[in-house]
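Just protein.cif here, mmCIF, C-alpha atoms:
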```cif
data_upload
#
loop_
_atom_site.label_atom_id
_atom_site.label_comp_id
_atom_site.auth_asym_id
_atom_site.auth_seq_id
_atom_site.Cartn_x
_atom_site.Cartn_y
_atom_site.Cartn_z
CA MET A 188 36.72 9.14 58.43
CA ARG A 189 36.21 7.01 55.43
CA VAL A 190 32.71 6.62 53.95
CA ARG A 191 31.86 3.14 52.80
CA TRP A 192 29.32 3.75 50.03
CA LYS A 193 29.27 0.30 48.43
CA PRO A 194 27.59 -1.51 51.35
CA VAL A 195 24.97 1.26 51.63
CA LEU A 196 24.21 1.08 47.90
CA ARG A 197 24.05 -2.69 48.06
CA GLU A 198 21.64 -2.56 51.01
CA LYS A 199 19.32 -0.22 49.11
CA GLY A 200 19.41 -2.50 46.07
CA ILE A 201 21.13 0.04 43.84
CA ILE A 202 24.26 -2.02 43.24
CA THR A 203 23.33 -5.55 42.45
CA MET A 204 24.93 -7.92 40.01
CA PRO A 205 22.05 -7.67 37.46
CA ASN A 206 22.04 -3.85 37.68
CA LEU A 207 25.82 -3.74 37.32
CA CYS A 208 25.66 -5.97 34.22
CA LYS A 209 22.91 -3.82 32.69
CA SER A 210 24.96 -0.68 33.35
CA TRP A 211 28.06 -2.12 31.68
CA ALA A 212 26.02 -3.39 28.74
CA LEU A 213 24.54 0.09 28.27
CA ILE A 214 27.95 1.76 28.47
CA ILE A 215 29.47 -0.67 25.97
CA SER A 216 26.56 -0.35 23.54
CA LEU A 217 26.78 3.43 23.70
CA MET A 218 30.52 3.34 23.07
CA PHE A 219 30.61 0.75 20.29
CA GLY A 220 27.04 0.38 19.03
CA PRO A 221 25.30 2.33 16.29
CA SER A 222 24.88 6.00 16.95
CA LEU A 223 21.61 7.05 18.48
CA SER A 224 19.38 8.93 16.10
CA TYR A 225 16.28 10.93 16.83
CA ALA A 226 14.74 10.64 13.35
CA ALA A 227 13.74 7.90 10.95
CA GLN A 228 16.29 6.87 8.40
CA VAL A 229 15.32 7.66 4.81
CA ILE A 230 16.50 5.13 2.25
CA THR A 231 16.33 5.00 -1.52
CA PRO A 232 16.23 1.36 -2.62
CA GLU A 233 17.03 0.48 -6.19
CA TYR A 234 13.68 -0.35 -7.78
CA GLU A 235 13.11 -2.11 -11.06
CA GLU A 236 10.30 -1.22 -13.42
CA PRO A 237 7.16 -2.73 -11.88
CA LYS A 238 5.15 -5.54 -13.37
CA VAL A 239 2.11 -5.75 -11.10
CA VAL A 240 -1.56 -6.69 -11.09
CA PHE A 241 -3.98 -5.30 -8.52
CA ASP A 242 -6.87 -7.61 -7.62
CA PHE A 243 -10.00 -5.53 -6.89
CA PHE A 244 -12.85 -7.56 -5.39
CA PHE A 245 -14.79 -5.50 -2.86
CA GLU A 246 -18.08 -5.91 -1.03
CA ASP A 247 -18.80 -2.18 -1.37
CA PRO A 248 -18.34 -0.38 -4.70
CA GLN A 249 -17.23 2.77 -2.82
CA HIS A 250 -14.09 0.89 -1.73
CA ILE A 251 -12.63 1.33 -5.20
CA ALA A 252 -11.80 4.93 -4.23
CA SER A 253 -9.47 3.73 -1.45
CA ALA A 254 -8.06 0.89 -3.56
CA LEU A 255 -7.04 3.33 -6.29
CA TYR A 256 -4.71 4.96 -3.75
CA TRP A 257 -2.80 1.66 -3.70
CA VAL A 258 -2.23 2.09 -7.43
CA ARG A 259 -1.14 5.70 -6.92
CA SER A 260 1.17 4.74 -4.04
CA THR A 261 2.83 2.14 -6.23
CA ILE A 262 3.46 4.20 -9.35
CA SER A 263 3.74 7.83 -8.21
CA PRO A 264 7.03 7.53 -6.30
CA LEU A 265 8.59 5.89 -9.36
CA TYR A 266 7.80 8.92 -11.58
CA ASP A 267 9.70 11.25 -9.25
CA GLU A 268 13.36 11.68 -8.33
CA PRO A 269 15.52 9.65 -8.04
CA TYR A 270 13.76 7.01 -10.17
CA ASN A 271 12.25 9.09 -13.00
CA MET A 272 10.61 6.04 -14.57
CA ALA A 273 8.54 6.76 -17.64
CA PRO A 274 4.91 5.55 -17.39
CA GLU A 275 5.34 3.34 -20.44
CA MET A 276 8.09 1.44 -18.61
CA MET A 277 5.64 0.33 -15.90
CA ASP A 278 3.39 -2.64 -16.52
CA VAL A 279 0.38 -2.13 -14.23
CA VAL A 280 -2.96 -3.96 -14.49
CA VAL A 281 -6.06 -3.49 -12.33
CA MET A 282 -8.40 -6.49 -12.33
CA ILE A 283 -11.99 -5.63 -11.38
CA HIS A 284 -14.44 -8.40 -10.54
CA GLY A 285 -16.40 -7.47 -7.40
CA THR A 286 -19.23 -5.06 -6.71
CA GLU A 287 -16.95 -2.22 -7.82
CA ILE A 288 -17.70 -3.26 -11.41
CA VAL A 289 -20.69 -0.91 -11.15
CA THR A 290 -18.24 2.01 -11.18
CA LEU A 291 -17.35 1.05 -14.76
CA ALA A 292 -20.95 1.32 -15.99
CA LYS A 293 -21.44 4.57 -17.89
CA HIS A 294 -24.90 5.11 -16.41
CA ASN A 295 -23.34 5.30 -12.90
CA TYR A 296 -20.96 8.13 -13.77
CA GLU A 297 -22.49 10.74 -11.45
CA LYS A 298 -22.44 8.37 -8.48
CA TYR A 299 -18.77 7.36 -8.98
CA ARG A 300 -17.44 10.43 -10.82
CA GLU A 301 -14.29 10.87 -8.72
CA SER A 302 -13.24 7.23 -9.06
CA VAL A 303 -14.00 7.16 -12.78
CA GLU A 304 -11.94 10.30 -13.39
CA ARG A 305 -9.03 8.84 -11.43
CA MET A 306 -9.22 5.61 -13.45
CA LYS A 307 -9.21 7.63 -16.69
CA TYR A 308 -6.16 9.53 -15.44
CA TYR A 309 -4.29 6.32 -14.51
CA HIS A 310 -5.28 4.78 -17.84
CA ALA A 311 -3.74 7.79 -19.62
CA LEU A 312 -0.53 6.98 -17.70
CA GLY A 313 -0.59 3.41 -19.01
CA VAL A 314 -2.48 1.52 -16.30
CA GLU A 315 -4.64 -1.19 -17.87
CA PHE A 316 -8.10 -1.77 -16.40
CA ARG A 317 -9.54 -5.23 -16.92
CA ALA A 318 -12.96 -6.45 -15.85
CA CYS A 319 -14.34 -9.95 -15.56
CA SER A 320 -16.91 -10.86 -18.20
CA LEU A 321 -18.57 -13.24 -15.73
CA ALA A 322 -19.04 -10.41 -13.23
CA ALA A 323 -20.28 -8.08 -15.99
CA ARG A 324 -22.81 -10.73 -16.99
CA ASP A 325 -23.99 -11.03 -13.34
CA TYR A 326 -24.84 -7.31 -13.49
CA ASN A 327 -26.36 -7.60 -16.97
CA TYR A 328 -23.66 -5.33 -18.44
CA GLN A 329 -22.79 -5.49 -22.11
CA PRO A 330 -19.45 -4.19 -23.48
CA ASP A 331 -21.22 -1.00 -24.65
CA ASP A 332 -22.32 -0.30 -21.06
CA LEU A 333 -18.69 0.05 -19.89
CA TYR A 334 -16.10 2.77 -20.48
CA ASP A 335 -13.69 2.45 -23.37
CA PHE A 336 -10.66 2.29 -21.04
CA VAL A 337 -11.88 -1.13 -19.81
CA THR A 338 -10.90 -4.47 -21.34
CA LEU A 339 -13.20 -7.41 -20.66
CA VAL A 340 -11.51 -10.75 -19.97
CA PRO A 341 -13.31 -14.12 -19.91
CA SER A 342 -12.63 -14.75 -16.21
CA ALA A 343 -10.82 -12.60 -13.64
CA PRO A 344 -9.45 -15.54 -11.60
CA THR A 345 -8.14 -17.24 -14.74
CA ASP A 346 -6.57 -14.00 -15.95
CA LEU A 347 -4.97 -13.41 -12.55
CA VAL A 348 -3.37 -16.85 -12.71
CA GLN A 349 -2.04 -16.20 -16.22
CA LEU A 350 -0.61 -12.82 -15.25
CA GLN A 351 1.16 -14.31 -12.23
CA MET A 352 2.58 -17.06 -14.45
CA GLN A 353 3.94 -14.25 -16.66
CA GLY A 354 5.78 -12.75 -13.68
CA TYR A 355 3.32 -10.13 -12.45
CA ALA A 356 3.41 -9.39 -8.73
CA LEU A 357 -0.05 -9.66 -7.16
CA ILE A 358 -1.29 -6.90 -4.86
CA VAL A 359 -4.64 -7.34 -3.14
CA PRO A 360 -5.54 -4.00 -1.54
CA LEU A 361 -6.97 -4.31 1.94
CA VAL A 362 -9.69 -1.71 2.20
CA ARG A 363 -11.33 -1.18 5.55
CA SER A 364 -13.85 1.36 6.73
CA LYS A 365 -11.94 4.33 8.05
CA LYS A 366 -12.82 5.00 11.69
CA PHE A 367 -10.54 7.96 12.35
CA SER A 368 -9.31 10.88 10.34
CA ILE A 369 -5.57 11.41 10.14
CA GLU A 370 -5.99 14.57 12.24
CA GLU A 371 -7.72 12.61 15.02
CA ILE A 372 -4.95 10.04 15.41
CA ARG A 373 -1.85 12.01 14.43
#
```
Starting from the file, lay out its structure as C-alpha cells.
Amino acid sequence: MRVRWKPVLREKGIITMPNLCKSWALIISLMFGPSLSYAAQVITPEYEEPKVVFDFFFEDPQHIASALYWVRSTISPLYDEPYNMAPEMMDVVVMIHGTEIVTLAKHNYEKYRESVERMKYYHALGVEFRACSLAARDYNYQPDDLYDFVTLVPSAPTDLVQLQMQGYALIVPLVRSKKFSIEEIR
C-alpha cells in the first residue's frame, strides 16, 4: 500500500506554495549566502588624524562629566594599536559656552574636581579648551577666575563657524540623565 503524503500535508497547510517558496529561499540562502556567524564582526577602519571640535552647551554643569567621555571615546582608541597616533597629531578643541562654564572657575574646584582633573589631563594630551567670553561675562568671570588651560574666545558660535570653515568636524555630545546602570540593563 502506497502512502500519499502530499495531499495530507497540503490539507494540513504544511505544503503550500508560499511555504514551499520560503523553504527554497532559505535553502538557497544557506547554500550560497554569507556564512552565519554567532558573534559581531570586529573591523579596523583606516582612520585619519582627527580634526574635531566638541560643542559643549549644557543646561546642567554636571553634564560636562558625561560629555568629557565623548572626548575620551574619540581620542583614546587612536592612541592604541593599530593606530598608535601621537597626541600632537590630533587636533581636538572643546568649546564651552553653557552652564558648564562654572566648572572652569577656580573657586568651584571642589564641586567639579573630577571634571577639572580630567580636563587638565586631556589638555596635557593636546586637547584645547576654549570658552566663550560672552558666557564668561554673563557669569561675571574675568580671565583670572578661570584655569590656565582655558582660552577665551570672543564668541563661541562665531568660533565654531570659523573652525568648521577650517575643516573641523563638529560633535555635539548628547547628554541625557542616566536612568539605568549598565548592570541593570545588561
(request) Find, counting only C-alpha atoms, the residue in A:Ala227, A:Ile251, A:Asp242, A:Pro232 that gets nearest to A:Val348. (result) A:Asp242
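Near (-15.2, -6.5, -7.7), the residues that fall inside 9 Å on the basis of all atoms listed in the file are Asp242, Phe243, Phe244, Phe245, Glu246, Asp247, Pro248, Ile251, Met282, Ile283, His284, Gly285, Thr286, Glu287, Ile288, Val289, Ala318, Cys319 and Ala322 of chain A.
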(request) Considering all atoms listed in the file, return as a PyMOL selection string whatever protein or nucleic-acid residues lie within 12 Å of A:Arg300, sequence-local ones (same chain, fewer than 6 positions apart) excluded. (result) chain A and resi 249+251-252+289-294+306-307
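The space between atom CA of A:Met276 and atom CA of A:Ser253 spans 24.7 Å.
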(request) Between atom CA of A:Ser364 and atom CA of A:Lys298, measure the distance and give it in Å to one decimal. (result) 18.8 Å
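Our summary of the geometry notes that atom CA of A:Val281 is positioned 21.2 Å from atom CA of A:Asn327.
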(message) Going by the chain IDs and residue numbers used in this file, which residues fall under the PyMOL selection byres ((chain A and resi 254) around 9)? Write them as number ranges by chain.
(response) A: 241, 243, 250-253, 255-258, 359-362
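Minimum distance to A:Thr261 across A:Leu350, A:Ile369, A:Val314, A:Ile230 (counting only C-alpha atoms) occurs at A:Val314.
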(message) Env of A:Gln329: 10 Å cut, atoms = all atoms listed in the file, seq-sep filter 3 positions within chain, self excluded. Answer as an MDAnalysis selection string.
(response) chainID A and resid 292 320 323:324 326 332:333 339
Please put the answer as lines of an AutoDock Vina configuration file: centre and edge lengths, in Å with one decimal, of a box along x, y and z that encloses all listed atoms of stretch 326-329 of chain A plus 4 Å on each side.
```
center_x = -24.6
center_y = -6.5
center_z = -17.8
size_x = 11.6
size_y = 10.3
size_z = 16.6
```
(request) Pick out the residues sitting within 6 Å of A:Val279, and hand them over as a count of residues only; count all atoms listed in the file, and ignore anything fewer than 4 positions along from it in its own chain. (result) 4
(request) Kindly indicate which residue among A:Ala356, A:Val280, A:Leu312, A:Ile262 lies nearest to A:Ala343, using all atoms listed in the file for the distances. (result) A:Val280
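Residue nearest A:Pro344 within the list A:Leu357, A:Glu275, A:Tyr309, A:Tyr225: A:Leu357 [criterion: smallest interatomic distance, only C-alpha atoms].
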(request) To verify the selection step, state as a PyMOL selection string which residues the PyMOL selection byres ((chain A and resi 236) around 8) yields on this input. (result) chain A and resi 234-235+237-238+272+276-278
May I have the residues from that selection written out with C-alpha atoms, as a PDB file, in the frame of the given file?
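Ended up saving to again.pdb:
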```pdb
ATOM      1  CA  TYR A 234      13.680  -0.350  -7.780  1.00  0.00           C
ATOM      2  CA  GLU A 235      13.110  -2.110 -11.060  1.00  0.00           C
ATOM      3  CA  PRO A 237       7.160  -2.730 -11.880  1.00  0.00           C
ATOM      4  CA  LYS A 238       5.150  -5.540 -13.370  1.00  0.00           C
ATOM      5  CA  MET A 272      10.610   6.040 -14.570  1.00  0.00           C
ATOM      6  CA  MET A 276       8.090   1.440 -18.610  1.00  0.00           C
ATOM      7  CA  MET A 277       5.640   0.330 -15.900  1.00  0.00           C
ATOM      8  CA  ASP A 278       3.390  -2.640 -16.520  1.00  0.00           C
TER       9      ASP A 278
END
```
